[in-house]
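A short write-up of the structure that comes next.
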Amino acid sequence: MKTRKLLSIMFGGAASVASVSVAAQSNVERPNIIVILTDDMGFGDVGVYGGKFVPTPNIDRMADEGVRFTQYYSASPISSPSRAGLLTGRCPGNFHITSYLQTRAGNRSAEMADYLNPDAPTLPRTLQAAGYRTGHFGKWHLGGGRDVKDAPSITKYGYDEYVSTYESPDPDPFITATDWIWSAKDSIKRWNRTAYFVDKTLDFLKRNSGQPCFVNLWPDDMHTPWVGSIEEQKLFPDGENSEKNFRTVLIEYDRQIGRLLAGLKELGIDRNTIVIFTSDNGPAPSFRGSRAGNYRGCKASLYEGGMRMPFIVWSPDRLIPRAKVDNTTVVSALDLFVSLCNMAHATLPVNYESDGVDMSRALAGEPQQRDKAIFWEYRRNGSNAFPQPADKDVSPNLAVREGDWKLLINADGTGLALYNLREDQRETTNLGEKYPDRASELKEKVLRWRNSLPPNRNGE
């Protein structure tokens, strides 16, 4: 009863976001919201999730002071569609994005658009309309870069300010001396990149004090190449994709998360700020599956290791309970649009239809039962534009989870595999023949869903 009362206070008693008027928005305390979307961080990279590589005390502290989820899923097992799903609350195939965006020829080969449609509904634009100041600091990868020169500005998606990397419409010259992830010629070196984004985030919050703020902090340190400082490179000369380099980069990344939390406290806004920590997709390389928490698969795979991500909601001394572990609620990145709008008392766009569920009560510490299936697609066709998972364990290209059941299958109906995740989280035993009715039901649902998506021919 106490929890429900607190949640009622937090959400103003609103049953849904759409019931909150613009006038009411000015009369409620709206939290700052920061979404930390780590690039290629696996479930097993973080200490509190069982990570053994190096201690991650600052990320672990977020879990100690907030809610940690063990059944959170990204919208895709690879960067661009994962980010599109999080921003829009819609399955990324709706916007012709089913793999990583790259060259024009590569996008055409993969039957994709060159960038996210700027008319797509987005979380930042919705919060901006509700009075939020909005910023994006970090990787974008939703259009621009390489030979895509006509991608819309990030401001077209609802951001007031941004600083981004080379795969964006207007990369920051301090971190993009060349058209690649990093260069020795960059003014801000690879090993100082997350510190740069944290500084930009804190500066943005300081300059906009007195207004609620929404920030995407999307660092790319944990994506290869892993590059430590000059001193660390001398100590660990094993190469940019080595386990030693990974360890030293993870230590620095965790330190910068600590700087962010300390900065929020120094600004006096930590008690009215919600920070979400997660990842866009599974790890690569996975180091024999250990970075994926020993789940099957990794980046570019629809098995659990490619999509089940660390997910922590932090807000000290607010209404979110401390050190709570939610092992039962199944959350999708597609849920964040409506959930965060509810927590921000922001009105949803007219006629907006989410592919997610309002999980705001779960994010505030009260477990919820999911009443909607989650669907995924990866590798729209057989094009070489799609990378294979680093562990070579190639999954079928469609998946659905409903309750404890997960089914994988190819769009042509081959490769069916059915798993009960409550009993077999590692996806070792295909139960398709043992439970044919359940397999048939989920097969029909996922193929019907797939056929409802745009055809994506030649990126149109």
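FYI, nothing fancy with the structure tokens labels: chains A, B, ... in order, residues from 1 per chain, ligands from 1 as they appear.
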(Q) Please extract the residues of segment 109-336 of chain A with a backbone DSSP assignment of strand (DSSP E or B) and present them as a count of residues only. (A) 39
Q. Skipping near chain neighbours, those fewer than 6 positions away, what residues fall within 9 Å of Ile320 of chain A using only C-alpha atoms, listed as number ranges by chain?
A. A: 7, 65-67, 313-314, 363-365
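Across A:Val35, A:Glu243, A:Gly403, A:Leu86, the tightest approach to Thr328 of chain A is made by A:Gly403 when counting only C-alpha atoms.
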Q | Residue neighbourhood Arg259 of chain A, 10 Å, only C-alpha atoms, exclusion window fewer than 2 positions, as a PyMOL selection string | A | chain A and resi 58+195+198-199+202+253-257+261-265
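Residue nearest Ser153 of chain A, chosen from A:Pro124, A:Val249, A:Leu116, A:Phe204 and counting only C-alpha atoms: A:Leu116.
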Q | Selected residue of minimal separation from Arg308 of chain A among A:Tyr166, A:Phe53, A:Trp180, A:Phe69, counting only C-alpha atoms | A | A:Phe69
Q) Which residue gives the smallest distance to Gly268 of chain A among A:Gln369, A:Ser395, A:Ser209, A:Ser164, with only C-alpha atoms counted? A) A:Ser209
Q | Between atom CA of Asp437 of chain A and atom CA of Thr70 of chain A - distance in Å to one decimal | A | 28.6 Å
Q: Using DSSP on the backbone, list every residue of segment 237-291 of chain A that comes out as alpha helix (DSSP H), and give them as an MDAnalysis selection string.
A: chainID A and resid 243:266
Expected file contents, prior selection, C-alpha atoms, as a CSV table (one decimal), in the first residue's frame:
chain,number,residue,atom,x,y,z
A,243,GLU,CA,41.0,-8.4,-23.5
A,244,LYS,CA,43.6,-6.4,-21.7
A,245,ASN,CA,42.6,-3.2,-23.6
A,246,PHE,CA,39.0,-4.0,-22.9
A,247,ARG,CA,39.7,-4.1,-19.2
A,248,THR,CA,41.5,-0.8,-19.0
A,249,VAL,CA,38.8,1.0,-21.1
A,250,LEU,CA,36.0,-0.5,-18.8
A,251,ILE,CA,37.8,0.9,-15.8
A,252,GLU,CA,37.9,4.4,-17.3
A,253,TYR,CA,34.3,4.1,-18.4
A,254,ASP,CA,33.1,3.2,-14.9
A,255,ARG,CA,35.1,6.2,-13.5
A,256,GLN,CA,33.3,8.6,-15.9
A,257,ILE,CA,29.9,7.2,-14.7
A,258,GLY,CA,31.0,8.1,-11.2
A,259,ARG,CA,32.0,11.6,-12.4
A,260,LEU,CA,28.5,12.1,-13.8
A,261,LEU,CA,26.8,11.1,-10.6
A,262,ALA,CA,29.1,13.3,-8.6
A,263,GLY,CA,28.4,16.2,-11.0
A,264,LEU,CA,24.7,15.8,-10.6
A,265,LYS,CA,25.1,16.0,-6.8
A,266,GLU,CA,27.4,19.1,-7.1
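Across the model, the gap from atom CA of Leu334 of chain A to atom CA of Arg83 of chain A is 9.9 Å.
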Quick one: everything within 12 Å of Asn381 of chain A, counting only C-alpha atoms, minus sequence neighbours fewer than 6 positions away in the same chain. Send it as a PDB file with C-alpha atoms, in the first residue's frame.
ATOM      1  CA  THR A  98      16.894  -3.410 -39.648  1.00  0.00           C
ATOM      2  CA  SER A  99      20.689  -3.343 -39.402  1.00  0.00           C
ATOM      3  CA  ASN A 107      21.916   0.426 -47.073  1.00  0.00           C
ATOM      4  CA  ARG A 108      20.306  -0.369 -50.435  1.00  0.00           C
ATOM      5  CA  SER A 109      21.731  -3.881 -50.356  1.00  0.00           C
ATOM      6  CA  ALA A 110      20.202  -4.353 -46.915  1.00  0.00           C
ATOM      7  CA  GLU A 111      16.852  -2.913 -48.082  1.00  0.00           C
ATOM      8  CA  MET A 112      17.127   0.020 -45.705  1.00  0.00           C
ATOM      9  CA  PRO A 387      27.617  -8.739 -40.077  1.00  0.00           C
ATOM     10  CA  PRO A 396      17.266 -17.129 -37.228  1.00  0.00           C
ATOM     11  CA  ASN A 397      16.285 -13.618 -38.306  1.00  0.00           C
ATOM     12  CA  LEU A 398      12.974 -13.301 -36.416  1.00  0.00           C
ATOM     13  CA  ASN A 410      13.462 -17.374 -40.284  1.00  0.00           C
ATOM     14  CA  ALA A 411      11.058 -15.288 -42.344  1.00  0.00           C
ATOM     15  CA  ASP A 412      10.693 -18.181 -44.795  1.00  0.00           C
ATOM     16  CA  PRO A 455       8.592  -4.208 -47.493  1.00  0.00           C
ATOM     17  CA  ASN A 456      11.801  -2.087 -47.525  1.00  0.00           C
ATOM     18  CA  ARG A 457      12.665  -2.499 -51.151  1.00  0.00           C
ATOM     19  CA  ASN A 458      15.786  -0.570 -52.187  1.00  0.00           C
TER      20      ASN A 458
END
Name the residues in contact with Ala417 of chain A at a cut-off of 7 Å, using only C-alpha atoms, excluding same-chain residues fewer than 4 positions from it; report them as a compact mmCIF listing (two decimals) with N, CA and C atoms, in the first residue's frame.
# COMPACT_ATOMS: atom_id res chain seq x y z
N LEU A 407 10.37 -17.82 -29.23
CA LEU A 407 10.49 -18.58 -30.47
C LEU A 407 11.36 -17.82 -31.45
N LEU A 408 12.27 -18.51 -32.10
CA LEU A 408 13.08 -17.96 -33.18
C LEU A 408 12.75 -18.71 -34.46
N ILE A 409 12.75 -17.98 -35.59
CA ILE A 409 12.41 -18.59 -36.86
C ILE A 409 12.86 -17.66 -37.98
N ASN A 430 15.70 -27.04 -27.64
CA ASN A 430 14.61 -26.67 -28.52
C ASN A 430 13.39 -27.52 -28.19
N GLY A 432 10.40 -27.20 -29.67
CA GLY A 432 9.41 -27.09 -30.74
C GLY A 432 8.63 -28.37 -30.97
Q) What is the distance, in Å and to one decimal place, between atom CA of Lys139 of chain A and atom CA of Phe174 of chain A? A) 13.8 Å
Q: Tell me which protein, DNA and RNA residues are within 8 Å of Pro283 of chain A, counting only C-alpha atoms, leaving out same-chain ones fewer than 2 positions away, and put them as a ChimeraX atom specification.
A: /A:40-42,281,285-286,291-292,298-299,305-306
File of the preceding selection, N, CA and C atoms, as a short mmCIF file (atom, residue, chain, number, x, y, z; two decimals), in the first residue's frame:
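Okay, this is what ended up in out18.cif:
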data_model
loop_
_atom_site.label_atom_id
_atom_site.label_comp_id
_atom_site.auth_asym_id
_atom_site.auth_seq_id
_atom_site.Cartn_x
_atom_site.Cartn_y
_atom_site.Cartn_z
N ASP A 40 27.63 -1.41 -27.20
CA ASP A 40 28.17 -2.78 -27.21
C ASP A 40 28.55 -3.31 -25.83
N MET A 41 27.90 -2.88 -24.78
CA MET A 41 28.19 -3.41 -23.44
C MET A 41 27.35 -4.65 -23.20
N GLY A 42 27.96 -5.73 -22.78
CA GLY A 42 27.26 -6.97 -22.54
C GLY A 42 26.69 -7.08 -21.14
N ASN A 281 23.11 -3.08 -27.46
CA ASN A 281 23.06 -4.47 -27.95
C ASN A 281 24.17 -5.25 -27.27
N PRO A 285 33.96 -8.36 -29.36
CA PRO A 285 33.87 -9.81 -29.12
C PRO A 285 33.32 -10.10 -27.73
N SER A 286 32.84 -11.33 -27.57
CA SER A 286 32.19 -11.70 -26.31
C SER A 286 33.12 -12.41 -25.34
N ARG A 291 31.32 -12.05 -21.65
CA ARG A 291 30.82 -10.67 -21.66
C ARG A 291 29.30 -10.64 -21.83
N ALA A 292 28.71 -11.68 -22.37
CA ALA A 292 27.26 -11.76 -22.53
C ALA A 292 26.59 -12.41 -21.33
N CYS A 298 25.67 -13.14 -29.00
CA CYS A 298 26.30 -11.86 -28.70
C CYS A 298 25.72 -10.84 -29.68
N LYS A 299 26.43 -9.75 -29.89
CA LYS A 299 26.00 -8.74 -30.85
C LYS A 299 25.68 -9.40 -32.21
N GLY A 305 22.03 -13.41 -25.56
CA GLY A 305 23.26 -12.65 -25.41
C GLY A 305 23.35 -11.44 -26.31
N GLY A 306 22.55 -11.41 -27.36
CA GLY A 306 22.56 -10.26 -28.26
C GLY A 306 21.61 -9.17 -27.88
#
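Closest approach to Leu418 of chain A among A:Ala399, A:Ala151, A:Cys91, A:Ala84: A:Ala399, based on only C-alpha atoms.
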